[in-house]
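**Student:** Take a look at the following structure, please.
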Amino acid sequence: MNRTTHPLEMIAAWLLALLWLAPLAYALWSSIHPAAYATSFSLSAPLTLENFARAWNQAPFARYYLNTVMLVTLILAGQLVLCTLAAYAFARFKFRGSGIAFALVLLQLMIMPDVLIVENYRMIGTLGLLDTIVAIGLPYMASAFGIFLLRQTFKAVPVELVEAARVEGANALQVLWKVYVPLARPTYVAFGLVSVSYHWNNFLWPLIVTNSVESRPLTVGLAVFGAPETGVDWSIINAATVMTMAPLLIAFLVFQRQFVQSFMRAGIR
Amino acid sequence: MSSQIAIPVPKPQRARAYAWRNSVNAWLLLLPAAVLLAMFTHYPIVATIQHSFFITRRSGEPLFVGFENYRAMFEDSIFWQVLWNNFVFAAGTIPTSIALALLMALWVNRNMRGRGFLRLAYFTPTILPMIAVANIWLFFYTPDYGLLDQLRGLAGLPGWNWLGDQRTVMGCMIVMVIWKEAGFFMIFYLAALQQLSPDLEEAAAVEGAGRWYIFRRITFPLLMPTTLFVAINAVINSFKLVDHLVIMTKGGPNNASSLLLYYIYEVAFTFQDAAYAATLTVVLLALLATVALIKFGYLDRRIHYQ
Amino acid sequence: MKNFRNWMAAGAVAATLNVAAWPAAAVDLQLYYPVAVGGPVTKIVDDMVDRFHKENPDIKVTAVYAGNYTDTMTKAMTAMKGGQPPQLSVLLSTDVFTLIDEKAIIPIDDVVTDKAWLKNYYPAFMANGQIGGKTWSIPFQRSTIVLYWNKDAFKEAGLDPEKAPASWDQMVEMGKKLVKKDASGNTIRWGVEIPTTGYAYWMLQALAIENGQRMMNDAGNEVSLTAPKTVAALDYWVDLSRKHNVMPQGTIDWATLRTDFLEGKTAMMWHTTGNLTAVKDGAKFNFGVAMLPAKERRGSPTGGGSFYIFKNASPEQQKAAVKFIQWMTTPERAAEWSIKTGYVAVSPAAYKTPAMEAYAKGFPAALVARDQLEHAVPELSVHENGRIYKFVNDAVQAAVTGSQKPSEALANAQQQSDRVLRAYK
């Protein structure tokens with residue numbers, strides 16, 4: 001790892017990186033130049049924000065942003081609570097049926113709500129929650145992935161700290177709150193970033209379950225907006241695309257290390 | 001790692017009472033998550049299987065038809081087409097993206113100049129929503145004035161209907177998905193590489209082993225758990241990922257790019273045929289269950305974890 | 001735990017925000033509508049709905065744009081099955097059988113007492129919606145397929161720019177002259193393009209009727225895909241790209257076709273008249289609009305969407321819905337809609353309004369689609385039409401991409417359709 005890299009290899013790596021960035025670079029480039037230059041790439045093309053303005057006006061992106069933020073917040077909140085409680089039970093309680101229960105939880109790692117769209121849709125309909133933001137988030141709030149991660153983290157908490165808290169008279173929930181949760185903070189951050197990324201970008205289930213603008217998230221809004229029937233003006237579509245991915249992208253650029261470490265931590269099983 | 005009880009165990013004759021209370025407490029903690037899991041994962045799985053044996057008559061009443069739906073499915077040429085497509089899609093995307101991910105991870109792990117930039121470039125596609133990716137690549141593949149055809153024009157080649165030709169549409173999708181996924185898998189390899197002890201490599205280098213030899217005999221075998229983990233993930237993803245179809249080809253031309261989950265979506269929500277959709281979903285569940293069995297039953301036992 | 005309560009509160013707020021979105025009005029209507037043509041159509045709809053509100057303050061219509069026709073039908077049916085359907089929708093005029101089968105809609109004559117106004121519309125447009133002696137839909141954005149041609153390109157190719165092809169053979173001949181290649185032999189302009197994605201079945205129906213073949217029966221439970229004349233129609237379509245080389249090979253996209261025409265990539269295109277205004281606004285050259293060329297006869301299927309009232313609507317909502325429908329289709333507004341989009345205005349009276357007469361005088365192309373009504377046939381309308389359309393679309397795509405011969409592809413589609421329609425005989 002400390003040997004110097006062969007220059008050819010470095011060039012190859014850099015070429016791949018540039019190739020990898022090219023599509024994104026194109027989208028950005030096209031969104032800030034007028035429509036006429038969408039398909040031709042002259043360097044002298046004037047800069048403009050008009051595409052964003054027009055995209056913003058053509059569809060209620062403000063509402064979409066609001067919906068998406070509410071959605072990921074709601075899901076994350078639900079996940080944090082539910083997964084913490086469940087992971088605590090699995091990590092530190094010995095109880096009958098824990099093996100089977102955990103196996104059933106792990107099932108969701110393979111068979112996610114995303115593939116059970118037909119039945120889940122029916123379920124949401126029965127609950128009368130169709131076309132709400134809650135409906136989008138509900139199937140995901142009990143995240144097997146979260147339970148798994150937190151269980152591992154909780155199991156690693158030293159017993160001495162738990163004993164110390166017990167000695168001070170804390171009951172089980174207080175021990176959870178005072179000892180386990182603070183120590184699991186890195187895991188929470190990691191999980192939070194992964195969850196927000198995933199649900200910001202989720203598409204098929206929100207598409208099915210929402211009908212109106214009031215509950216539609218950005219991804220569905222972008223798909224409806226870009227529906228070619230209304231005219232394929234690439235600059236505007238790219239502007240809308242950029243608006244959809246901008247928040248996550250900017251967050252990623254600023255918090256690069258945290259993002260990467262989160263995904264890495266989430267992957268270490 | 002002992003799974004200790006959070007409440008210390010008191011006098012022996014009250015142990016059973018405490019164990020009982022433990023169980024109750026544990027189940028109470030589990031309850032919210034368990035309810036949601038049951039409602040949106042376990043119950044739907046059972047319900048799907050059940051519904052695949054019925055059809056809904058026009059009066060709204062369900063009618064038990066046994067394996068009739070399955071028989072119709074076996075005769076449905078579109079079903080076999082999408083199943084084949086899923087296979088091609090998986091075979092096309094998984095090995096290549098894993099290989100690329102490994103390569104990227106190795107590069108980023110080295111002390112190369114600008115590795116932060118490299119890591120950023122490789123990982124960025126992962127952060128983007130698939131819908132955005134699909135929009136961007138839709139432009140690339142547009143005949144004649146799309147980017148790809150413009151490049152071909154520079155080389156003097158004619159334009160090509162990339163997404164409108166059933167011979168090339170799958171390849172185009174595969175390339176796009178590799179672009180999106182490779183960076184994601186790279187992260188897992190990075191994590192694994194960073195956990196590898198550098199002593200191994202140095203010891204081998206001292207003995208005169210070449211880089212390729214070290215990689216082949218030491219690094220790659222040690223990365224096997226990660227590779228399998230990534231592969232399993234990739235397989236599951238290949239079943240879930242259909243967002244791009246909704247705005248790029250809608251499964252066409254003539255179902256050449258359609259995938260099983262997309263077909264299920266079409267059947268369930270466009271044709272409103274819930275019974276047939278349930279039957280198709282059973283197939284999808286069976287495939288996923290097979291993957292799960294391979295992972296939990298076979299691989300997990302064979303792989304040595306640190 | 002305090003944080004837990006906070007999170008619950010946040011969740012509750014989020015849920016409530018969805019429910020309390022609109023102030024209470026006397027009657028609330030939700031309308032799903034599709035857009036399948038270019039131009040700022042959603043803005044036009046929103047604007048018209050706003051004006052309706054001003055004149056009818058006791059009715060509130062929430063117009064939801066739901067994608068193209070298939071998407072909108074999917075959304076409406078999904079919402080209905082989920083228990084929260086809209087009160088009215090604009091859906092394909094041919095969705096009527098499926099909607100009746102699914103018990104989704106009510107006949108308009110059940111809601112109105114004075115049925116005289118139903119006679120104001122073009123019979124050709126009412127035909128698709130009249131089943132079993134009842135009227136199930138009111139036409140709104142109706143169309144026929146027309147041939148757009150680039151007059152400048154015609155002149156350049158040595159053809160008379162004022163004469164569009166009137167027959168299939170003429171279209172091939174002219175197409176050959178219009179094909180332009182660059183120095184390396186790549187085609188930079190094609191003769192004609194007929195879209196094969198989106199609504200390929202519609203285009204096939206046009207070719208079939210021009211060849212003298214009806215594709216469905218009146219009861220909507222039989223399709224004639226393997227009739228020799230239907231196969232011949234698809235053969236002609238495929239030959240355009242594979243034999244005569246006047247059309248690009250592979251699929252031609254419904255949505256980008258308009259852009260192709262505007263960029264001069266093709267000299268002629270078959271497309272819905274609903275694109276007329278968008279083409280007019282975007283064309284930097286002289287163009288013309290003509291009826292589709294004939295083989296045995298002229299012909300085009302009608303197309304487009306009509307208003308349906310859903311069964312779940314309460315009696316007041318139904319009456320309000322009728323009021324809205326009537327308002328949107330008065331001659332003045334039908335004319336306005338036609339001028340702004342290019343769709344055919346749905347009543348003869350609309351064409352007699354001053355606005356429309358003035359417009360047509362300056363832009364005679366606006367009347368072509370209406371004139372073609374004389375040769376028009378109802379659109380392919382069958383039970384489970386969504387599925388049947390997919391079978392036909394798939395067959396067309398298989399044929400034009402060369403993966404199946406037209407007769408094979410259609411035989412396949414016929415077999416699949418027969419299986420589905422068997423239940424309705």
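Chain labels follow the order of the structure tokens: the first chain is A, the next B, and so on; residue numbering restarts at 1 in every chain, and ligands are counted from 1 in their shown order.
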Any idea what's packed within 12 Å of Gln174 of chain A, counting only C-alpha atoms, ignoring anything in its chain fewer than 4 positions away? Could you give it as a PyMOL selection string?
**Tutor:** (chain A and resi 85+88+162+165-166+168-170+178-182) or (chain B and resi 6-7) or (chain C and resi 1)
**Student:** Next, the residues of the selection above should be written as a tab-separated table (two decimals), in the first residue's frame with N, CA and C atoms.
**Tutor:**
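To be explicit, this is the file written out as result34.tsv:
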```tsv
chain	number	residue	atom	x	y	z
A	85	LEU	N	-35.70	-0.19	20.12
A	85	LEU	CA	-36.40	-1.05	21.07
A	85	LEU	C	-36.22	-2.52	20.71
A	88	TYR	N	-32.65	-3.74	21.22
A	88	TYR	CA	-32.39	-3.89	22.65
A	88	TYR	C	-32.92	-5.23	23.14
A	162	VAL	N	-23.27	-1.13	32.00
A	162	VAL	CA	-24.65	-1.47	32.31
A	162	VAL	C	-24.81	-1.67	33.81
A	165	ALA	N	-24.89	1.53	35.72
A	165	ALA	CA	-26.17	2.24	35.65
A	165	ALA	C	-27.21	1.56	36.53
A	166	ARG	N	-27.17	0.22	36.54
A	166	ARG	CA	-28.16	-0.49	37.35
A	166	ARG	C	-27.97	-0.18	38.81
A	168	GLU	N	-27.07	2.44	40.02
A	168	GLU	CA	-27.67	3.73	40.35
A	168	GLU	C	-29.19	3.67	40.30
A	169	GLY	N	-29.72	2.49	40.13
A	169	GLY	CA	-31.17	2.33	40.25
A	169	GLY	C	-31.94	2.54	38.96
A	170	ALA	N	-31.28	2.44	37.83
A	170	ALA	CA	-32.00	2.64	36.56
A	170	ALA	C	-32.75	1.39	36.18
A	178	LYS	N	-29.68	5.73	28.75
A	178	LYS	CA	-28.50	6.39	29.29
A	178	LYS	C	-27.21	5.74	28.86
A	179	VAL	N	-27.25	4.46	28.59
A	179	VAL	CA	-26.00	3.76	28.30
A	179	VAL	C	-25.90	3.35	26.83
A	180	TYR	N	-26.90	2.60	26.39
A	180	TYR	CA	-26.77	2.01	25.06
A	180	TYR	C	-26.85	3.04	23.95
A	181	VAL	N	-27.86	3.89	24.04
A	181	VAL	CA	-28.09	4.82	22.92
A	181	VAL	C	-26.90	5.75	22.70
A	182	PRO	N	-26.37	6.38	23.75
A	182	PRO	CA	-25.23	7.28	23.50
A	182	PRO	C	-24.03	6.55	22.90
B	6	ALA	N	-30.50	-7.82	31.02
B	6	ALA	CA	-30.30	-6.45	31.47
B	6	ALA	C	-30.68	-6.29	32.94
B	7	ILE	N	-31.63	-7.12	33.36
B	7	ILE	CA	-32.02	-7.03	34.77
B	7	ILE	C	-31.26	-8.15	35.51
C	1	MET	N	-40.49	8.98	27.21
C	1	MET	CA	-39.28	9.61	26.68
C	1	MET	C	-39.67	10.80	25.83
```
**Student:** How close does chain A get to chain C? List, as a tab-separated table, each residue of chain A within 10 Å, its nearest atom pair and the distance in Å to one decimal, counting only C-alpha atoms.
**Tutor:**
```
residue	atom	partner	partner_atom	distance
A:Asn57	CA	C:Lys43	CA	9.8
A:Gln58	CA	C:Lys43	CA	7.9
A:Ala59	CA	C:Thr42	CA	9.2
A:Asn67	CA	C:Ala14	CA	8.9
A:Met70	CA	C:Ala14	CA	6.8
A:Leu71	CA	C:Ala14	CA	8.4
A:Thr73	CA	C:Ala10	CA	8.8
A:Leu74	CA	C:Gly11	CA	5.9
A:Ile75	CA	C:Gly11	CA	9.1
A:Leu76	CA	C:Trp7	CA	9.7
A:Ala77	CA	C:Trp7	CA	6.1
A:Gly78	CA	C:Trp7	CA	7.6
A:Leu80	CA	C:Phe4	CA	9.5
A:Val81	CA	C:Phe4	CA	7.2
A:Tyr121	CA	C:Gly82	CA	7.6
A:Arg122	CA	C:Gly82	CA	6.6
A:Met123	CA	C:Gly82	CA	9.0
A:Ile124	CA	C:Gly82	CA	7.9
A:Gly125	CA	C:Gly82	CA	4.6
A:Thr126	CA	C:Gly82	CA	7.4
A:Leu127	CA	C:Gly82	CA	9.7
A:Gly128	CA	C:Gly83	CA	7.6
A:Leu129	CA	C:Ala15	CA	9.3
A:Leu130	CA	C:Gly82	CA	7.0
A:Asp131	CA	C:Asn18	CA	8.5
A:Thr132	CA	C:Asn18	CA	6.3
A:Ile133	CA	C:Ala15	CA	6.8
A:Val134	CA	C:Ala15	CA	6.2
A:Ala135	CA	C:Ala15	CA	9.3
A:Leu173	CA	C:Met1	CA	9.3
A:Gln174	CA	C:Met1	CA	9.4
A:Trp177	CA	C:Met1	CA	8.8
A:Leu207	CA	C:Lys75	CA	9.5
A:Ile208	CA	C:Lys75	CA	8.0
A:Val209	CA	C:Ala79	CA	8.7
A:Thr210	CA	C:Lys75	CA	9.0
A:Asn211	CA	C:Lys75	CA	6.9
A:Ser212	CA	C:Val64	CA	6.4
A:Val213	CA	C:Val64	CA	7.6
A:Glu214	CA	C:Asn18	CA	6.3
A:Ser215	CA	C:Asn18	CA	6.9
A:Ala223	CA	C:Gly67	CA	9.0
A:Val224	CA	C:Gly67	CA	5.9
A:Phe225	CA	C:Gly67	CA	8.3
A:Gly226	CA	C:Gly67	CA	9.5
A:Ala227	CA	C:Gly67	CA	6.7
A:Pro228	CA	C:Ala255	CA	5.2
A:Glu229	CA	C:Ala36	CA	4.8
A:Thr230	CA	C:Gly38	CA	4.4
A:Gly231	CA	C:Gly38	CA	4.7
A:Val232	CA	C:Thr256	CA	6.4
A:Asp233	CA	C:Thr259	CA	8.9
```
**Student:** So that each row is one residue of chain B with an atom at most 12 Å from chain C, can you give its shortest atom pair and the distance in Å to one decimal, using only C-alpha atoms, rows by chain and rising number, as JSON lines?
**Tutor:**
```
{"residue": "B:Thr56", "atom": "CA", "partner": "C:Glu102", "partner_atom": "CA", "distance": 11.2}
{"residue": "B:Arg57", "atom": "CA", "partner": "C:Ala423", "partner_atom": "CA", "distance": 10.4}
{"residue": "B:Arg58", "atom": "CA", "partner": "C:Asp101", "partner_atom": "CA", "distance": 7.2}
{"residue": "B:Ser59", "atom": "CA", "partner": "C:Glu102", "partner_atom": "CA", "distance": 9.0}
{"residue": "B:Gly60", "atom": "CA", "partner": "C:Glu102", "partner_atom": "CA", "distance": 9.0}
{"residue": "B:Ala72", "atom": "CA", "partner": "C:Arg419", "partner_atom": "CA", "distance": 10.1}
{"residue": "B:Glu75", "atom": "CA", "partner": "C:Gln416", "partner_atom": "CA", "distance": 10.1}
{"residue": "B:Asp76", "atom": "CA", "partner": "C:Gln416", "partner_atom": "CA", "distance": 8.7}
{"residue": "B:Ser77", "atom": "CA", "partner": "C:Gln416", "partner_atom": "CA", "distance": 9.6}
{"residue": "B:Ile78", "atom": "CA", "partner": "C:Phe391", "partner_atom": "CA", "distance": 10.0}
{"residue": "B:Leu138", "atom": "CA", "partner": "C:Thr256", "partner_atom": "CA", "distance": 11.5}
{"residue": "B:Phe139", "atom": "CA", "partner": "C:Thr256", "partner_atom": "CA", "distance": 10.9}
{"residue": "B:Thr142", "atom": "CA", "partner": "C:Thr256", "partner_atom": "CA", "distance": 8.9}
{"residue": "B:Pro143", "atom": "CA", "partner": "C:Ile252", "partner_atom": "CA", "distance": 9.6}
{"residue": "B:Asp144", "atom": "CA", "partner": "C:Ile188", "partner_atom": "CA", "distance": 8.7}
{"residue": "B:Tyr145", "atom": "CA", "partner": "C:Asp260", "partner_atom": "CA", "distance": 9.6}
{"residue": "B:Gly146", "atom": "CA", "partner": "C:Thr256", "partner_atom": "CA", "distance": 11.5}
{"residue": "B:Asp149", "atom": "CA", "partner": "C:Asn186", "partner_atom": "CA", "distance": 12.0}
{"residue": "B:Arg152", "atom": "CA", "partner": "C:Asn186", "partner_atom": "CA", "distance": 11.4}
{"residue": "B:Gly153", "atom": "CA", "partner": "C:Asn186", "partner_atom": "CA", "distance": 9.3}
{"residue": "B:Leu154", "atom": "CA", "partner": "C:Ser184", "partner_atom": "CA", "distance": 11.5}
{"residue": "B:Ala155", "atom": "CA", "partner": "C:Ser184", "partner_atom": "CA", "distance": 10.8}
{"residue": "B:Gly156", "atom": "CA", "partner": "C:Ser184", "partner_atom": "CA", "distance": 7.1}
{"residue": "B:Leu157", "atom": "CA", "partner": "C:Asn186", "partner_atom": "CA", "distance": 7.7}
{"residue": "B:Pro158", "atom": "CA", "partner": "C:Asn186", "partner_atom": "CA", "distance": 5.4}
{"residue": "B:Gly159", "atom": "CA", "partner": "C:Asn186", "partner_atom": "CA", "distance": 7.9}
{"residue": "B:Trp160", "atom": "CA", "partner": "C:Gly250", "partner_atom": "CA", "distance": 8.9}
{"residue": "B:Asn161", "atom": "CA", "partner": "C:Gly250", "partner_atom": "CA", "distance": 6.4}
{"residue": "B:Trp162", "atom": "CA", "partner": "C:Gly250", "partner_atom": "CA", "distance": 8.9}
{"residue": "B:Leu163", "atom": "CA", "partner": "C:Thr251", "partner_atom": "CA", "distance": 8.2}
{"residue": "B:Gly164", "atom": "CA", "partner": "C:Thr251", "partner_atom": "CA", "distance": 4.6}
{"residue": "B:Asp165", "atom": "CA", "partner": "C:Gly250", "partner_atom": "CA", "distance": 5.3}
{"residue": "B:Gln166", "atom": "CA", "partner": "C:Thr401", "partner_atom": "CA", "distance": 7.1}
{"residue": "B:Arg167", "atom": "CA", "partner": "C:Thr401", "partner_atom": "CA", "distance": 9.1}
{"residue": "B:Thr168", "atom": "CA", "partner": "C:Gly250", "partner_atom": "CA", "distance": 10.7}
{"residue": "B:Val169", "atom": "CA", "partner": "C:Gly250", "partner_atom": "CA", "distance": 11.0}
{"residue": "B:Val246", "atom": "CA", "partner": "C:Asp71", "partner_atom": "CA", "distance": 10.3}
{"residue": "B:Ile247", "atom": "CA", "partner": "C:Gly67", "partner_atom": "CA", "distance": 11.0}
{"residue": "B:Met248", "atom": "CA", "partner": "C:Asp253", "partner_atom": "CA", "distance": 10.6}
{"residue": "B:Thr249", "atom": "CA", "partner": "C:Thr197", "partner_atom": "CA", "distance": 8.8}
{"residue": "B:Lys250", "atom": "CA", "partner": "C:Gly198", "partner_atom": "CA", "distance": 9.3}
{"residue": "B:Gly251", "atom": "CA", "partner": "C:Asp394", "partner_atom": "CA", "distance": 10.0}
{"residue": "B:Gly252", "atom": "CA", "partner": "C:Asp394", "partner_atom": "CA", "distance": 7.7}
{"residue": "B:Pro253", "atom": "CA", "partner": "C:Gln397", "partner_atom": "CA", "distance": 5.8}
{"residue": "B:Asn254", "atom": "CA", "partner": "C:Asp394", "partner_atom": "CA", "distance": 4.3}
{"residue": "B:Asn255", "atom": "CA", "partner": "C:Asp394", "partner_atom": "CA", "distance": 7.3}
{"residue": "B:Ala256", "atom": "CA", "partner": "C:Ala398", "partner_atom": "CA", "distance": 9.5}
{"residue": "B:Ser258", "atom": "CA", "partner": "C:Asp394", "partner_atom": "CA", "distance": 11.8}
{"residue": "B:Tyr263", "atom": "CA", "partner": "C:Lys390", "partner_atom": "CA", "distance": 11.8}
{"residue": "B:Tyr265", "atom": "CA", "partner": "C:Thr74", "partner_atom": "CA", "distance": 10.2}
{"residue": "B:Glu266", "atom": "CA", "partner": "C:Thr74", "partner_atom": "CA", "distance": 8.9}
{"residue": "B:Val267", "atom": "CA", "partner": "C:Arg387", "partner_atom": "CA", "distance": 8.7}
{"residue": "B:Ala268", "atom": "CA", "partner": "C:Thr78", "partner_atom": "CA", "distance": 8.8}
{"residue": "B:Phe269", "atom": "CA", "partner": "C:Thr74", "partner_atom": "CA", "distance": 5.6}
{"residue": "B:Thr270", "atom": "CA", "partner": "C:Thr74", "partner_atom": "CA", "distance": 4.7}
{"residue": "B:Phe271", "atom": "CA", "partner": "C:Arg387", "partner_atom": "CA", "distance": 6.1}
{"residue": "B:Gln272", "atom": "CA", "partner": "C:Met77", "partner_atom": "CA", "distance": 7.4}
{"residue": "B:Asp273", "atom": "CA", "partner": "C:Arg387", "partner_atom": "CA", "distance": 10.0}
{"residue": "B:Ala274", "atom": "CA", "partner": "C:Lys81", "partner_atom": "CA", "distance": 10.4}
```
**Student:** Once you have the residues from the selection above, write them out as an mmCIF file, in the first residue's frame, restricted to C-alpha atoms.
**Tutor:**
```
data_model
loop_
_atom_site.group_PDB
_atom_site.id
_atom_site.type_symbol
_atom_site.label_atom_id
_atom_site.label_comp_id
_atom_site.auth_asym_id
_atom_site.auth_seq_id
_atom_site.Cartn_x
_atom_site.Cartn_y
_atom_site.Cartn_z
ATOM 1 C CA THR B 56 -61.967 -12.561 -8.474
ATOM 2 C CA ARG B 57 -65.158 -13.012 -10.394
ATOM 3 C CA ARG B 58 -66.732 -9.981 -11.958
ATOM 4 C CA SER B 59 -69.262 -9.897 -9.162
ATOM 5 C CA GLY B 60 -66.392 -9.258 -6.784
ATOM 6 C CA ALA B 72 -51.894 -19.709 -17.262
ATOM 7 C CA GLU B 75 -48.370 -20.546 -20.905
ATOM 8 C CA ASP B 76 -47.671 -16.841 -20.792
ATOM 9 C CA SER B 77 -44.788 -16.077 -23.122
ATOM 10 C CA ILE B 78 -44.318 -12.659 -21.548
ATOM 11 C CA LEU B 138 -32.337 8.413 -21.530
ATOM 12 C CA PHE B 139 -30.793 11.430 -23.136
ATOM 13 C CA THR B 142 -31.706 9.121 -27.647
ATOM 14 C CA PRO B 143 -31.184 8.376 -31.324
ATOM 15 C CA ASP B 144 -29.273 10.906 -33.387
ATOM 16 C CA TYR B 145 -29.000 13.868 -31.089
ATOM 17 C CA GLY B 146 -28.357 11.931 -27.923
ATOM 18 C CA ASP B 149 -24.995 8.999 -31.177
ATOM 19 C CA ARG B 152 -20.692 7.967 -32.986
ATOM 20 C CA GLY B 153 -21.292 10.761 -35.444
ATOM 21 C CA LEU B 154 -17.859 12.136 -34.667
ATOM 22 C CA ALA B 155 -16.469 8.739 -35.538
ATOM 23 C CA GLY B 156 -18.465 8.716 -38.728
ATOM 24 C CA LEU B 157 -20.904 6.056 -37.604
ATOM 25 C CA PRO B 158 -24.650 6.415 -38.125
ATOM 26 C CA GLY B 159 -27.101 6.940 -35.351
ATOM 27 C CA TRP B 160 -28.620 3.945 -33.637
ATOM 28 C CA ASN B 161 -31.910 3.389 -31.914
ATOM 29 C CA TRP B 162 -30.354 2.132 -28.692
ATOM 30 C CA LEU B 163 -33.467 1.762 -26.615
ATOM 31 C CA GLY B 164 -35.736 0.947 -29.502
ATOM 32 C CA ASP B 165 -33.926 -2.133 -30.675
ATOM 33 C CA GLN B 166 -34.478 -5.272 -28.709
ATOM 34 C CA ARG B 167 -30.927 -6.388 -29.348
ATOM 35 C CA THR B 168 -29.312 -3.405 -27.673
ATOM 36 C CA VAL B 169 -31.835 -2.271 -25.095
ATOM 37 C CA VAL B 246 -41.061 3.271 -15.873
ATOM 38 C CA ILE B 247 -39.632 6.220 -17.741
ATOM 39 C CA MET B 248 -37.234 4.725 -20.226
ATOM 40 C CA THR B 249 -38.864 1.903 -22.086
ATOM 41 C CA LYS B 250 -41.891 0.793 -20.099
ATOM 42 C CA GLY B 251 -40.561 -2.696 -20.647
ATOM 43 C CA GLY B 252 -40.372 -2.486 -24.403
ATOM 44 C CA PRO B 253 -39.710 -2.936 -27.188
ATOM 45 C CA ASN B 254 -41.996 -5.926 -27.023
ATOM 46 C CA ASN B 255 -40.994 -6.742 -23.436
ATOM 47 C CA ALA B 256 -37.323 -6.948 -24.336
ATOM 48 C CA SER B 258 -39.096 -5.798 -18.955
ATOM 49 C CA TYR B 263 -44.434 -7.012 -15.091
ATOM 50 C CA TYR B 265 -46.609 -3.784 -11.469
ATOM 51 C CA GLU B 266 -48.172 -3.748 -14.943
ATOM 52 C CA VAL B 267 -50.420 -6.700 -14.283
ATOM 53 C CA ALA B 268 -51.513 -5.486 -10.867
ATOM 54 C CA PHE B 269 -52.012 -1.809 -11.472
ATOM 55 C CA THR B 270 -52.479 -1.302 -15.184
ATOM 56 C CA PHE B 271 -54.484 -4.409 -15.960
ATOM 57 C CA GLN B 272 -55.962 -4.651 -12.461
ATOM 58 C CA ASP B 273 -55.469 -8.418 -12.406
ATOM 59 C CA ALA B 274 -54.648 -8.947 -8.739
#
```
**Student:** Let's see if you can do this: from backbone DSSP, list all alpha helix (DSSP H) residues in segment 76-167 of chain B, as a ChimeraX atom specification.
**Tutor:** /B:77-109,115-127,130-141,147-154
**Student:** Identify all chain B residues at most 6 Å from chain A by counting only C-alpha atoms; ligands do not count. Present them as JSON, numbers by chain.
**Tutor:** {"B": [3, 4, 5, 6, 23, 26, 29, 30, 33, 36, 37, 40, 44, 110, 118, 121, 128, 129, 132, 187, 188, 191]}
**Student:** If you count only C-alpha atoms, which residues fall within 12 Å of segment 215-219 of chain B, apart from same-chain ones fewer than 3 positions away, as a ChimeraX atom specification?
**Tutor:** /A:1 /B:102-103,106,189,192-205,209-212,222-227
**Student:** Considering only C-alpha atoms, return as an MDAnalysis selection string whatever protein or nucleic-acid residues lie within 12 Å of segment 52-61 of chain C, sequence-local ones (same chain, fewer than 6 positions apart) excluded.
**Tutor:** chainID C and resid 22:33 45:46 86:89 316:329 333
